[in-house]
Structures are given as structure tokens and as C-alpha cells.
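Asks: Take a look at protein.cif, mmCIF, C-alpha atoms and all ligand atoms:
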```cif
data_coords
loop_
_atom_site.label_atom_id
_atom_site.label_comp_id
_atom_site.auth_asym_id
_atom_site.auth_seq_id
_atom_site.Cartn_x
_atom_site.Cartn_y
_atom_site.Cartn_z
CA MET T 10 -124.49 26.86 -122.34
CA THR T 11 -127.33 29.36 -122.33
CA HIS T 12 -127.51 32.26 -124.71
CA GLN T 13 -126.68 34.65 -121.89
CA ASP T 14 -123.30 32.95 -121.46
CA ILE T 15 -122.32 33.56 -125.07
CA PRO T 16 -120.30 36.70 -125.61
CA LEU T 17 -121.99 38.95 -128.13
CA SER T 18 -125.27 37.04 -127.85
CA ALA T 19 -127.32 40.22 -127.40
CA ALA T 20 -125.85 41.69 -130.56
CA LEU T 21 -126.31 38.44 -132.46
CA ALA T 22 -129.93 38.19 -131.35
CA ALA T 23 -130.71 41.81 -132.19
CA THR T 24 -129.90 41.60 -135.88
CA ALA T 25 -131.97 40.13 -138.68
CA GLU T 26 -129.20 40.43 -141.28
CA ASP T 27 -125.97 38.52 -141.72
CA ARG T 28 -123.19 40.36 -139.97
CA LEU T 29 -119.89 39.89 -138.18
CA PHE T 30 -119.55 41.28 -134.66
CA PHE T 31 -116.46 42.12 -132.64
CA ASP T 32 -116.44 42.73 -128.91
CA LEU T 33 -114.01 45.59 -128.27
CA ALA T 34 -114.13 45.31 -124.49
CA GLY T 35 -113.44 41.60 -124.81
CA ILE T 36 -110.41 42.26 -127.01
CA GLU T 37 -109.09 44.79 -124.53
CA GLU T 38 -109.51 42.24 -121.75
CA ARG T 39 -107.54 39.68 -123.76
CA TYR T 40 -104.76 42.23 -124.12
CA ALA T 41 -104.77 42.85 -120.37
CA SER T 42 -104.74 39.13 -119.64
CA LEU T 43 -101.78 38.62 -121.96
CA LEU T 44 -99.81 41.27 -120.07
CA ARG T 45 -100.71 39.57 -116.79
CA GLU T 46 -99.38 36.27 -118.15
CA LEU T 47 -96.23 37.73 -119.69
CA PRO T 48 -95.34 40.76 -117.57
CA GLY T 49 -93.09 43.30 -119.21
CA VAL T 50 -93.49 42.16 -122.80
CA THR T 51 -94.17 44.62 -125.61
CA VAL T 52 -97.28 43.57 -127.52
CA ARG T 53 -97.51 44.24 -131.23
CA PHE T 54 -100.82 43.03 -132.61
CA ALA T 55 -100.45 40.99 -135.81
CA MET T 56 -103.08 43.06 -137.56
CA LYS T 57 -103.65 40.64 -140.39
CA ALA T 58 -105.72 38.64 -137.88
CA CYS T 59 -108.27 41.47 -137.65
CA PRO T 60 -107.52 44.62 -139.65
CA VAL T 61 -110.51 46.51 -138.27
CA ASP T 62 -110.02 50.22 -137.48
CA GLU T 63 -111.97 50.11 -134.21
CA VAL T 64 -109.99 47.09 -133.01
CA LEU T 65 -106.68 48.72 -133.87
CA ALA T 66 -107.73 51.94 -132.16
CA ARG T 67 -108.84 50.13 -129.01
CA LEU T 68 -105.62 48.15 -128.79
CA ALA T 69 -103.55 51.26 -129.49
CA GLU T 70 -105.32 53.12 -126.67
CA ALA T 71 -104.47 50.22 -124.38
CA GLY T 72 -100.82 50.51 -125.40
CA ALA T 73 -100.33 47.86 -128.07
CA GLY T 74 -98.27 48.38 -131.19
CA VAL T 75 -98.65 46.58 -134.50
CA ASP T 76 -96.83 43.94 -136.50
CA ALA T 77 -97.43 45.07 -140.07
CA ALA T 78 -96.63 43.18 -143.25
CA SER T 79 -97.22 45.85 -145.91
CA ILE T 80 -97.43 49.59 -146.47
CA PRO T 81 -101.25 49.63 -146.50
CA GLU T 82 -101.25 47.86 -143.14
CA MET T 83 -98.84 50.44 -141.73
CA GLU T 84 -100.94 53.31 -143.08
CA GLN T 85 -104.12 51.83 -141.61
CA ALA T 86 -102.43 51.36 -138.23
CA VAL T 87 -101.21 54.96 -138.24
CA ARG T 88 -104.70 56.24 -139.16
CA ALA T 89 -106.13 54.19 -136.28
CA GLY T 90 -103.81 55.92 -133.84
CA VAL T 91 -100.89 53.51 -133.46
CA PRO T 92 -97.69 55.54 -132.93
CA ILE T 93 -95.24 54.95 -135.76
CA GLY T 94 -92.58 53.82 -133.27
CA GLY T 95 -94.92 51.03 -132.19
CA ILE T 96 -95.12 49.57 -135.69
CA HIS T 97 -92.53 47.27 -137.18
CA TYR T 98 -92.19 45.84 -140.65
CA GLY T 99 -92.59 42.20 -139.73
CA ASN T 100 -92.58 40.77 -143.23
CA THR T 101 -89.30 39.38 -144.51
CA VAL T 102 -90.77 39.55 -148.03
CA LYS T 103 -90.53 43.10 -149.39
CA SER T 104 -89.37 44.90 -152.50
CA ASP T 105 -86.90 47.79 -152.64
CA ARG T 106 -89.82 50.13 -153.07
CA ASN T 107 -91.68 48.69 -150.07
CA ILE T 108 -88.60 49.27 -147.92
CA ALA T 109 -88.16 52.85 -149.12
CA ASP T 110 -91.86 53.61 -148.58
CA ALA T 111 -91.79 52.19 -145.05
CA HIS T 112 -88.67 54.18 -144.25
CA ARG T 113 -90.36 57.34 -145.54
CA LEU T 114 -93.36 56.60 -143.30
CA GLY T 115 -90.98 56.53 -140.35
CA ILE T 116 -90.71 52.79 -139.77
CA ARG T 117 -87.38 51.99 -138.15
CA ASP T 118 -87.64 48.27 -137.30
CA PHE T 119 -87.46 45.71 -140.08
CA ALA T 120 -87.63 41.92 -140.06
CA THR T 121 -85.15 40.16 -142.29
CA ASP T 122 -83.89 36.67 -143.04
CA SER T 123 -81.47 36.93 -145.96
CA LEU T 124 -78.38 38.76 -147.16
CA GLU T 125 -80.31 40.06 -150.19
CA ASP T 126 -82.95 41.63 -147.97
CA VAL T 127 -80.40 43.10 -145.55
CA ALA T 128 -78.52 44.73 -148.42
CA ALA T 129 -81.78 46.22 -149.69
CA ILE T 130 -82.67 47.55 -146.24
CA ALA T 131 -79.22 49.13 -145.92
CA GLU T 132 -79.72 50.86 -149.25
CA HIS T 133 -83.35 51.96 -148.92
CA ALA T 134 -83.71 52.42 -145.16
CA PRO T 135 -80.20 53.48 -144.11
CA GLY T 136 -79.51 53.20 -140.41
CA ALA T 137 -82.56 51.02 -139.73
CA ARG T 138 -82.79 48.44 -136.98
CA VAL T 139 -83.12 44.85 -138.19
CA PHE T 140 -84.20 41.69 -136.44
CA CYS T 141 -83.54 38.32 -137.99
CA ARG T 142 -86.22 35.67 -138.28
CA LEU T 143 -85.10 32.14 -137.46
CA ALA T 144 -86.47 29.06 -139.17
CA ILE T 145 -87.79 26.80 -136.43
CA ASP T 146 -89.73 23.61 -135.96
CA THR T 147 -93.46 24.40 -136.03
CA ARG T 148 -94.85 20.92 -135.51
CA GLY T 149 -97.78 21.03 -133.14
CA ALA T 150 -99.33 24.07 -134.80
CA LEU T 151 -102.53 23.93 -136.86
CA TRP T 152 -100.87 26.19 -139.40
CA GLY T 153 -97.06 25.93 -139.47
CA LEU T 154 -95.52 28.99 -141.14
CA SER T 155 -92.26 27.18 -141.42
CA ASP T 156 -90.57 27.14 -144.78
CA LYS T 157 -91.43 30.44 -146.35
CA TYR T 158 -89.60 32.56 -143.76
CA GLY T 159 -86.62 32.42 -141.53
CA CYS T 160 -83.04 31.26 -141.85
CA SER T 161 -80.78 28.77 -140.11
CA THR T 162 -79.03 29.70 -136.90
CA ALA T 163 -75.69 29.92 -138.74
CA ASP T 164 -77.11 32.18 -141.44
CA ALA T 165 -78.76 34.40 -138.83
CA VAL T 166 -75.32 35.22 -137.44
CA THR T 167 -74.04 36.07 -140.92
CA VAL T 168 -77.12 38.16 -141.70
CA LEU T 169 -76.81 40.23 -138.52
CA GLU T 170 -73.03 40.64 -138.91
CA THR T 171 -73.59 41.85 -142.44
CA ALA T 172 -76.25 44.23 -141.20
CA ARG T 173 -73.71 45.75 -138.83
CA GLU T 174 -71.12 46.08 -141.62
CA LEU T 175 -73.69 47.86 -143.77
CA GLY T 176 -74.42 50.48 -141.13
CA LEU T 177 -77.66 48.96 -139.84
CA THR T 178 -78.33 48.20 -136.18
CA PRO T 179 -78.63 44.46 -135.57
CA SER T 180 -81.33 44.70 -132.93
CA GLY T 181 -83.04 41.38 -132.46
CA LEU T 182 -84.11 37.89 -133.36
CA SER T 183 -87.58 36.61 -134.09
CA VAL T 184 -89.42 33.32 -134.30
CA HIS T 185 -92.96 32.19 -135.00
CA VAL T 186 -93.96 28.82 -133.59
CA GLY T 187 -96.84 28.46 -136.05
CA SER T 188 -100.44 29.54 -135.60
CA GLN T 189 -102.53 27.84 -132.91
CA GLN T 190 -99.44 26.10 -131.57
CA MET T 191 -100.64 23.45 -129.12
CA THR T 192 -97.36 22.13 -127.66
CA VAL T 193 -94.79 23.31 -125.13
CA GLU T 194 -92.14 21.37 -127.06
CA ALA T 195 -92.33 23.88 -129.90
CA TRP T 196 -91.56 26.69 -127.46
CA HIS T 197 -88.72 24.73 -125.84
CA SER T 198 -87.10 24.16 -129.19
CA ALA T 199 -87.63 27.80 -130.24
CA PHE T 200 -85.84 29.01 -127.11
CA GLU T 201 -82.98 26.56 -127.76
CA ARG T 202 -82.54 27.96 -131.26
CA LEU T 203 -82.65 31.51 -129.96
CA ALA T 204 -80.08 30.76 -127.26
CA GLU T 205 -77.74 29.22 -129.82
CA VAL T 206 -77.80 32.32 -131.99
CA LEU T 207 -77.52 34.70 -129.04
CA THR T 208 -74.44 32.83 -127.85
CA ALA T 209 -72.85 32.91 -131.29
CA LEU T 210 -73.58 36.62 -131.65
CA ASP T 211 -72.09 37.28 -128.25
CA GLY T 212 -68.85 35.70 -129.48
CA ARG T 213 -68.89 38.12 -132.41
CA GLY T 214 -69.41 41.19 -130.24
CA ILE T 215 -73.01 41.76 -131.30
CA ALA T 216 -75.38 42.60 -128.45
CA LEU T 217 -79.09 42.57 -129.28
CA ASP T 218 -81.78 44.51 -127.47
CA HIS T 219 -84.78 42.29 -128.07
CA VAL T 220 -86.22 38.94 -128.99
CA ASN T 221 -89.51 38.83 -130.86
CA LEU T 222 -91.44 35.70 -129.92
CA GLY T 223 -93.98 36.11 -132.71
CA GLY T 224 -97.56 34.90 -132.49
CA GLY T 225 -99.01 31.42 -132.35
CA LEU T 226 -100.69 31.57 -128.95
CA PRO T 227 -103.62 29.18 -129.20
CA VAL T 228 -107.22 29.67 -128.16
CA PRO T 229 -109.95 27.27 -127.06
CA GLY T 230 -113.46 27.50 -128.46
CA CYS T 231 -113.36 25.66 -131.77
CA LEU T 232 -113.05 21.99 -132.65
CA ASP T 233 -110.30 20.64 -134.88
CA ARG T 234 -111.29 19.27 -138.27
CA HIS T 235 -111.88 15.84 -136.79
CA GLY T 236 -114.44 17.34 -134.47
CA ARG T 237 -112.27 17.14 -131.34
CA PRO T 238 -112.39 20.15 -129.01
CA LEU T 239 -109.24 22.25 -129.14
CA ASP T 240 -108.16 22.56 -125.57
CA PRO T 241 -104.69 24.11 -125.60
CA PRO T 242 -102.61 23.82 -122.41
CA ILE T 243 -102.44 27.58 -122.22
CA ASP T 244 -101.13 27.79 -118.62
CA LYS T 245 -98.27 25.41 -119.46
CA LEU T 246 -97.52 27.34 -122.63
CA PHE T 247 -97.29 30.63 -120.77
CA ALA T 248 -95.10 29.00 -118.11
CA ALA T 249 -92.78 27.68 -120.84
CA ILE T 250 -92.59 31.14 -122.39
CA ARG T 251 -91.84 32.81 -119.04
CA ASP T 252 -89.12 30.20 -118.35
CA GLY T 253 -87.72 30.70 -121.84
CA MET T 254 -87.54 34.45 -121.42
CA ALA T 255 -85.68 34.07 -118.12
CA TYR T 256 -83.33 31.56 -119.74
CA LEU T 257 -82.49 33.85 -122.67
CA GLY T 258 -82.03 36.77 -120.30
CA ALA T 259 -78.99 35.02 -118.89
CA VAL T 260 -77.27 34.38 -122.25
CA GLY T 261 -74.20 36.52 -122.93
CA GLY T 262 -74.05 40.28 -122.81
CA HIS T 263 -77.42 41.04 -124.42
CA ARG T 264 -79.89 43.23 -122.57
CA LEU T 265 -83.05 41.75 -123.91
CA GLY T 266 -86.58 43.04 -124.00
CA PHE T 267 -89.30 40.81 -125.40
CA VAL T 268 -91.86 41.48 -128.09
CA VAL T 269 -94.86 39.27 -128.78
CA GLU T 270 -97.04 39.48 -131.89
CA PRO T 271 -100.34 37.80 -131.05
CA GLY T 272 -103.06 37.76 -133.64
CA ARG T 273 -105.49 34.94 -132.93
CA TYR T 274 -105.08 35.14 -129.14
CA LEU T 275 -106.48 38.66 -128.94
CA VAL T 276 -109.45 38.39 -131.29
CA ALA T 277 -110.56 34.83 -132.08
CA GLY T 278 -112.99 34.43 -129.18
CA GLN T 279 -114.20 38.02 -129.48
CA GLY T 280 -115.80 37.72 -132.88
CA ALA T 281 -119.02 35.98 -133.95
CA ILE T 282 -121.12 35.85 -137.08
CA ARG T 283 -124.85 36.04 -137.45
CA ALA T 284 -125.52 33.94 -140.55
CA HIS T 285 -128.55 32.01 -141.71
CA VAL T 286 -129.46 28.60 -142.99
CA SER T 287 -129.51 28.41 -146.74
CA ARG T 288 -130.75 24.82 -146.77
CA LEU T 289 -130.53 21.59 -144.82
CA SER T 290 -130.77 18.82 -147.37
CA ALA T 291 -130.22 15.07 -147.51
CA ARG T 292 -128.69 13.72 -150.69
CA ARG T 293 -127.42 10.39 -151.88
CA GLY T 294 -123.91 10.84 -153.21
CA ARG T 295 -121.72 8.68 -155.45
CA ASP T 296 -121.47 5.97 -152.84
CA GLY T 297 -125.26 5.74 -152.61
CA ARG T 298 -125.26 6.77 -148.97
CA ARG T 299 -127.63 9.41 -147.76
CA GLN T 300 -125.83 12.36 -146.24
CA TYR T 301 -127.19 15.51 -144.65
CA TRP T 302 -125.63 18.77 -145.77
CA LEU T 303 -126.17 22.02 -143.94
CA TYR T 304 -125.51 24.91 -146.30
CA LEU T 305 -124.93 28.19 -144.49
CA SER T 306 -125.04 31.70 -145.89
CA CYS T 307 -121.37 32.17 -145.01
CA GLY T 308 -118.37 29.96 -145.52
CA LYS T 309 -114.74 29.86 -146.49
CA PHE T 310 -114.93 32.99 -148.66
CA ASN T 311 -116.99 35.24 -146.40
CA GLY T 312 -115.90 34.79 -142.81
CA LEU T 313 -114.93 31.17 -142.23
CA TYR T 314 -111.65 30.96 -144.12
CA GLU T 315 -110.16 28.60 -141.54
CA MET T 316 -112.86 25.95 -141.99
CA ASP T 317 -110.16 23.74 -143.52
CA GLU T 318 -108.72 23.19 -140.04
CA LEU T 319 -111.41 24.40 -137.64
CA GLN T 320 -115.00 23.60 -136.83
CA TYR T 321 -116.66 26.61 -135.28
CA PRO T 322 -119.28 26.26 -132.55
CA LEU T 323 -122.69 26.77 -134.12
CA VAL T 324 -125.77 27.95 -132.24
CA PHE T 325 -129.26 27.64 -133.68
CA PRO T 326 -131.13 30.14 -131.54
CA THR T 327 -134.57 29.23 -132.86
CA HIS T 328 -134.05 25.50 -132.23
CA GLY T 329 -133.02 25.38 -128.57
CA GLY T 330 -133.81 22.95 -125.83
CA PRO T 331 -132.92 19.37 -124.98
CA GLY T 332 -135.82 17.79 -126.90
CA VAL T 333 -134.58 18.90 -130.31
CA ARG T 334 -134.00 16.04 -132.77
CA ARG T 335 -130.60 16.29 -134.38
CA VAL T 336 -129.01 14.77 -137.46
CA PRO T 337 -125.32 14.51 -138.42
CA ALA T 338 -124.53 16.90 -141.25
CA VAL T 339 -121.60 18.18 -143.27
CA VAL T 340 -121.48 21.95 -142.80
CA ALA T 341 -120.75 23.95 -145.92
CA GLY T 342 -120.75 27.48 -147.24
CA PRO T 343 -122.89 28.82 -150.09
CA THR T 344 -120.42 28.95 -153.00
CA CYS T 345 -119.70 26.58 -155.87
CA ASP T 346 -116.26 25.70 -154.52
CA SER T 347 -115.97 22.28 -152.97
CA ASP T 348 -113.38 23.58 -150.47
CA ASP T 349 -116.13 25.73 -149.04
CA ALA T 350 -117.11 23.00 -146.55
CA TYR T 351 -115.92 20.96 -143.64
CA SER T 352 -114.31 17.80 -144.88
CA PRO T 353 -117.05 15.12 -145.11
CA GLU T 354 -114.55 12.45 -144.00
CA HIS T 355 -114.02 14.17 -140.68
CA GLY T 356 -116.40 14.93 -137.85
CA LEU T 357 -119.98 15.56 -138.82
CA VAL T 358 -121.90 18.18 -136.89
CA GLN T 359 -125.13 17.41 -135.08
CA VAL T 360 -127.68 19.93 -136.29
CA PRO T 361 -131.42 20.31 -135.63
CA GLU T 362 -133.40 18.21 -138.10
CA ALA T 363 -136.11 20.86 -138.36
CA LEU T 364 -133.81 23.63 -139.62
CA ALA T 365 -135.52 25.66 -142.29
CA SER T 366 -134.16 27.99 -144.91
CA GLY T 367 -133.68 31.44 -143.38
CA ASP T 368 -133.28 30.29 -139.78
CA PRO T 369 -130.57 32.25 -137.96
CA VAL T 370 -127.26 30.56 -137.16
CA TRP T 371 -124.63 31.99 -134.85
CA VAL T 372 -121.04 31.08 -135.62
CA LEU T 373 -118.88 31.60 -132.54
CA SER T 374 -115.15 32.01 -131.96
CA CYS T 375 -114.52 33.22 -135.48
CA GLY T 376 -112.94 36.62 -134.78
CA ALA T 377 -109.49 35.75 -136.11
CA TYR T 378 -108.72 35.84 -139.83
CA ALA T 379 -112.38 36.45 -140.66
CA THR T 380 -112.42 39.95 -142.19
CA SER T 381 -108.93 39.72 -143.67
CA TYR T 382 -109.59 36.53 -145.61
CA MET T 383 -112.96 37.50 -147.06
CA THR T 384 -113.10 37.67 -150.83
CA GLN T 385 -114.60 40.64 -152.63
CA GLY T 386 -117.56 38.52 -153.59
CA PHE T 387 -116.57 35.10 -154.85
CA ASN T 388 -119.59 33.68 -156.70
CA GLY T 389 -121.40 36.88 -155.81
CA PHE T 390 -121.38 36.21 -152.08
CA GLY T 391 -120.14 39.53 -150.78
CA PRO T 392 -117.98 40.16 -147.75
CA LEU T 393 -119.94 40.37 -144.50
CA PRO T 394 -120.46 43.80 -143.00
CA TYR T 395 -119.24 44.12 -139.44
CA THR T 396 -120.19 45.93 -136.28
CA CYS T 397 -118.03 46.54 -133.22
CA VAL T 398 -119.81 46.41 -129.89
CA ASP T 399 -118.46 47.31 -126.52
CA GLY T 400 -118.92 44.78 -123.77
CA GLY T 401 -120.64 41.90 -125.50
CA GLY T 402 -124.05 43.58 -125.76
CA ALA T 403 -125.87 45.15 -128.66
CA GLY T 404 -124.87 48.51 -127.09
CA GLY T 405 -125.08 51.84 -128.76
CA ALA T 406 -121.30 52.07 -129.11
CA GLY T 407 -121.24 49.75 -132.09
CA LYS T 408 -120.58 51.46 -135.38
CA ALA T 409 -122.11 49.82 -138.42
CA ARG T 410 -119.93 49.34 -141.44
CA GLY T 411 -120.96 48.42 -144.91
CA GLY T 412 -119.11 45.47 -146.42
C1 LIG T 501 -99.54 35.84 -138.66
C2 LIG T 501 -98.40 36.28 -137.84
C3 LIG T 501 -98.55 36.49 -136.47
C4 LIG T 501 -99.82 36.16 -135.72
O1 LIG T 501 -100.00 34.79 -135.59
P1 LIG T 501 -101.15 34.21 -134.64
O2 LIG T 501 -100.99 32.75 -134.75
O3 LIG T 501 -102.45 34.70 -135.18
O4 LIG T 501 -100.90 34.72 -133.28
C5 LIG T 501 -97.48 37.00 -135.77
N1 LIG T 501 -96.31 37.27 -136.38
C6 LIG T 501 -96.11 37.09 -137.70
C7 LIG T 501 -94.81 37.42 -138.30
C8 LIG T 501 -97.15 36.57 -138.46
O5 LIG T 501 -96.95 36.35 -139.77
#
```
Starting from the coordinates I provided, produce the structure as C-alpha cells.

Replies:
Amino acid sequence: MTHQDIPLSAALAATAEDRLFFDLAGIEERYASLLRELPGVTVRFAMKACPVDEVLARLAEAGAGVDAASIPEMEQAVRAGVPIGGIHYGNTVKSDRNIADAHRLGIRDFATDSLEDVAAIAEHAPGARVFCRLAIDTRGALWGLSDKYGCSTADAVTVLETARELGLTPSGLSVHVGSQQMTVEAWHSAFERLAEVLTALDGRGIALDHVNLGGGLPVPGCLDRHGRPLDPPIDKLFAAIRDGMAYLGAVGGHRLGFVVEPGRYLVAGQGAIRAHVSRLSARRGRDGRRQYWLYLSCGKFNGLYEMDELQYPLVFPTHGGPGVRRVPAVVAGPTCDSDDAYSPEHGLVQVPEALASGDPVWVLSCGAYATSYMTQGFNGFGPLPYTCVDGGGAGGAGKARGG
């Protein structure tokens, strides 16, 4: 891999300060590729993956809506130009006040998964449309979002029947297979669950108008925490999803449209960080063994929140070439939290032995969940500022933002 092949490399090379970059043209291309893979679906970007105004605006221009989890997210999406009808309240966790505020904003589609929540929606957002989140098997995902949300197939029927009795419109069902879901089996089992509920609802005279397939689409680029390349079978996954949509389309009297809520898929590969080496040091630990540690200027609390499960590709632009001597190191962030590091038991990273304090480091494929999971300055390490570029270069279109 040469530097020219790395998206954003021109922008990364052109800065002398730590900064996060997003490639807007790249994100737009991911959106277009998703629509090619899943023709006819409605895309609602899970904005928690990258709540950046420019990103939201670019996706909105391209036609995407937003999956929002809170009032501030909805307000930000509206400010960025997302039409209110393209935003749904995708969080099953919400207070009475949250529901009333969303209703006042003009939100008409609400996720739900319990009788308590449905009753609250009926009271505070009368006449709203509700879709019920199903609890499904999320094995095969790097982050399963399994137990906190969703109800059983039997309860989903009761929830949607109750919604109808309370004057709401039972409009859909939703699932989330877990983030970075690597297996087709998870999708097969999700579609089975969905078909079960659709059949049961059909028997009760409830016809839905959509199924929300959630997020979870995986991306290549990073290694898992054992240092193995993540190479998701993306073509097979899309084929399973297309088959599943066709299968559900034939169940009962529903006339189903499909919504997807990608987060990671749209942005992960389109973000990169310019960081620097704090120190490469070799220490003897408790076990008396000498271990190299590469401390970076950014880590779990300022850009690399997912370093518990992921190893990001690192580029050392001032230490290129095949002759470079490398040593195996644990990569860690700058704070005094021991979680701010790759697990030393898992794969070590080969890094140039001659790395010096201040040398630039490029962290690739870190566009998802980078800005949203940055702390305000844990240990005094502030959030990274970001710049959006258009087309991978350092281009003039990028707008600098303070952190
Ligand atoms: C986080 C989330 C998503 C996005 O998940 P990805 O794995 O990033 O695609 C979609 N839908 C809901 C409800 C979520 O909570």
C-alpha cells in the first residue's frame, strides 16, 4: 500500500497538528453503493456513528434520512437539512417529556418495545406511527446490542395490537443484528423472527407498511482484537438481506417497504486521524519480561473508542520502506486509564523501532464512533478537532472545526 492509495492521505500529510478527517465524497459513494446493493430501501443514517453537520448535510442532499435517539440528535439533523419526515425516533428508551418534545418537533415515527412505552407514546404523541423492535440473536457481531432493547415475538404482537387500540398506527417492525455483524446466520434468524411476527399480525388483522432492518453492516479495514484482519463476507450478507426482503414480501397481507439504518457502513472507512507518537518505550513489567509500548497522542477517549474490539491500521509516514526494523508493541493512548490500550494479551503491532516522540501517525478506518465517543477532555486530553474534505484530498472544501 502506497500513501497515494490511502483515502485522505493528502489531507493527513498536509497537517502538522492532530486532527480527524472525514471524506464527504467517500461517504456519499458509500451511500450510493448501499443503494446499489439494496435497491429500493430507505436509508436512515444512524447518526450516533458520526454526528458531524457536514456529513449529515451531505447524506441529506443525497436523499438519506436519519435514525435519531434523542431530541438533540433530531434538532441537529433538522439544522443540517434532513427533512423532519425523514427522521424517526429510533430509541426505545425515552421519557414522557422526550416523546412530547419529539412530537412537537414533528416526528411521527417512534420505535417501541414495551406496553409502558406504547401507552406513553399514545398519550404524548397521539396518532403517531410505531414500529416494534424485536429481540434477536446477535451472535457473530463485534458488539451485540441484544438485551437492552427489543421484545419477544409474542410480546411484539401484543405491543402492536395495544398500539392500535390506543389510536396509534402500528406501522412496522425493527431489528438490529448487532454492530459489525460478520455472519449470514444472524440475518437468516432475524428474517425468521420477522416472518413469525408478520404472520401472527396478519392473523390479527394488522397490516404493516415497513420493516426496519437496523444497522450492523460490517466493514473491512481494521483487525479484530486478536490482530486478525476483519474480512466480512459482505456480498453474501447483502445477498442474504435481499433474499430476506423478498421472503418477507410474500408474508400475509402486508405491503412492506424496507428501511435500513447503517452507521458504521457509511463512515468507518471514510475517516482517519492524524495523531503523533508520544513515546515508544520498552519496559519490564511484573513478569520481568521486556515489552514495547507505543503510546499515541490519541486513544480510547479521543477518537479510538472502539480499541477494545478493533485494531486500526496505523501508518508511520516518516518511517516507510521495506528496510525499516520493526518491533512488536502494545499500542496505547495517552491517558492514565488502563483501558486506553489494546489488550497486551492479544495481537501486538509491529511498529518501527526508530519511532521518536512527535513523529506523525495516521490511524485509518476510524470514521465510525470516533467523534461521538470522544470525552470532553479526560485527563486533559481534549477532543480532536475535525475537518471534512471532499474527495480524499486536502482540498479547499474542507471546513476546519475547533474541538
Ligand atoms: C447504533 C445503531 C445503528 C447503527 O449501527 P451500525 O452497526 O453502526 O450500523 C442502527 N440502528 C440502531 C437502532 C442503533 O442503535

Asks: Hey, which of T:Ala55, T:Leu232, T:Val139, T:Ala341 ends up closest to ligand LIG 501 (chain T)? Count all atoms listed in the file.

Replies: T:Ala55

Asks: How far is it from atom CA of Gly332 of chain T to atom CA of Asp368 of chain T, in Å with one decimal?

Replies: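 Separation of atom CA of Gly332 of chain T and atom CA of Asp368 of chain T: 18.1 Å.
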
Asks: Could you name the residues that touch Met56 of chain T at 9 Å or less, counting all atoms listed in the file, but leaving out those on the same chain fewer than 2 positions away, as JSON, numbers by chain?

Replies: {"T": [53, 54, 58, 59, 60, 61, 65, 75, 76, 77, 78, 82, 86, 271, 272]}

Asks: Compare T:Val52, T:Val372, T:Ala377, T:Val193 by their minimum atom-to-atom distance to Glu270 of chain T, counting only C-alpha atoms, and give me the closest one.

Replies: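 Once distances to Glu270 of chain T are computed over only C-alpha atoms, the minimum belongs to T:Val52.
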
Asks: As an mmCIF file with C-alpha atoms, keeping the file's coordinate frame, please: the residues near Leu210 of chain T (cut-off 9 Å, only C-alpha atoms, same-chain neighbours under 3 positions excluded).

Replies:
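After the write, result.cif holds the following:
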```
data_model
loop_
_atom_site.group_PDB
_atom_site.id
_atom_site.type_symbol
_atom_site.label_atom_id
_atom_site.label_comp_id
_atom_site.auth_asym_id
_atom_site.auth_seq_id
_atom_site.Cartn_x
_atom_site.Cartn_y
_atom_site.Cartn_z
ATOM 1 C CA VAL T 166 -75.320 35.220 -137.440
ATOM 2 C CA LEU T 169 -76.810 40.230 -138.520
ATOM 3 C CA GLU T 170 -73.030 40.640 -138.910
ATOM 4 C CA GLU T 205 -77.740 29.220 -129.820
ATOM 5 C CA VAL T 206 -77.800 32.320 -131.990
ATOM 6 C CA LEU T 207 -77.520 34.700 -129.040
ATOM 7 C CA ARG T 213 -68.890 38.120 -132.410
ATOM 8 C CA GLY T 214 -69.410 41.190 -130.240
ATOM 9 C CA ILE T 215 -73.010 41.760 -131.300
ATOM 10 C CA ALA T 216 -75.380 42.600 -128.450
ATOM 11 C CA LEU T 217 -79.090 42.570 -129.280
ATOM 12 C CA GLY T 261 -74.200 36.520 -122.930
#
```

Asks: Residues within 10 Å of ligand LIG 501 (chain T) (only C-alpha atoms and all ligand atoms), as a VMD selection string?

Replies: chain T and resid 53 to 59 75 to 78 98 to 101 120 142 150 to 154 158 183 to 190 221 to 228 269 to 277 377 to 378

Asks: Just checking: using all atoms listed in the file, which residue out of T:Ser161, T:Ser374, T:Asn107, T:Thr380 ends up closest to Ala281 of chain T?

Replies: T:Ser374

Asks: Can you work out which one of T:Tyr382, T:Phe310, T:Phe247, T:Tyr351 has the shortest atom-to-atom distance to His235 of chain T, counting all atoms listed in the file?

Replies: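 For His235 of chain T, the nearest of the given residues is T:Tyr351.
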
Asks: Give me the residues within 12 Å of segment 287-297 of chain T as number ranges by chain, counting only C-alpha atoms and dropping any in the same chain fewer than 3 places off.

Replies: T: 27, 284, 300-308, 335-344, 353, 359-370

Asks: Which is closer to Pro394 of chain T than all the others in T:Ile116, T:Leu29, T:Ala137, T:Ala22, using only C-alpha atoms?

Replies: T:Leu29

Asks: Expressed in Å to a single decimal, how great is the separation between atom CA of Gly391 of chain T and atom CA of Gly230 of chain T?

Replies: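 Taking atom CA of Gly391 of chain T as the start and atom CA of Gly230 of chain T as the end point, the length is 26.2 Å.
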
Asks: Rank nothing, just name the residue among T:Asp105, T:His263, T:Cys231, T:Asp32 nearest to Ala19 of chain T, using all atoms listed in the file.

Replies: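 So, comparing all the options, the nearest one is T:Asp32.
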
Asks: Tell me, as an mmCIF file with C-alpha atoms, in the frame of the given file, which residues lie within 10 Å of Glu70 of chain T, counting only C-alpha atoms; anything in the same chain fewer than 5 positions away does not count.

Replies:
```
data_model
loop_
_atom_site.group_PDB
_atom_site.id
_atom_site.type_symbol
_atom_site.label_atom_id
_atom_site.label_comp_id
_atom_site.auth_asym_id
_atom_site.auth_seq_id
_atom_site.Cartn_x
_atom_site.Cartn_y
_atom_site.Cartn_z
ATOM 1 C CA GLU T 37 -109.090 44.790 -124.530
ATOM 2 C CA VAL T 64 -109.990 47.090 -133.010
ATOM 3 C CA LEU T 65 -106.680 48.720 -133.870
ATOM 4 C CA ALA T 89 -106.130 54.190 -136.280
ATOM 5 C CA GLY T 90 -103.810 55.920 -133.840
ATOM 6 C CA VAL T 91 -100.890 53.510 -133.460
#
```

Asks: Could you work out how far atom CA of Ala379 of chain T lies from atom CA of Cys141 of chain T, giving the answer in Å with one decimal?

Replies: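 About the pair atom CA of Cys141 of chain T and atom CA of Ala379 of chain T: they are 29.0 Å apart.
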
Asks: Might you pull out every residue within 9 Å of His197 of chain T, with all atoms listed in the file counted and same-chain residues fewer than 5 positions away left off, and present them as a list in words?

Replies: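 Listing them by chain and then by number gives Arg202, Ala249, Ile250 and Gly253 of chain T.
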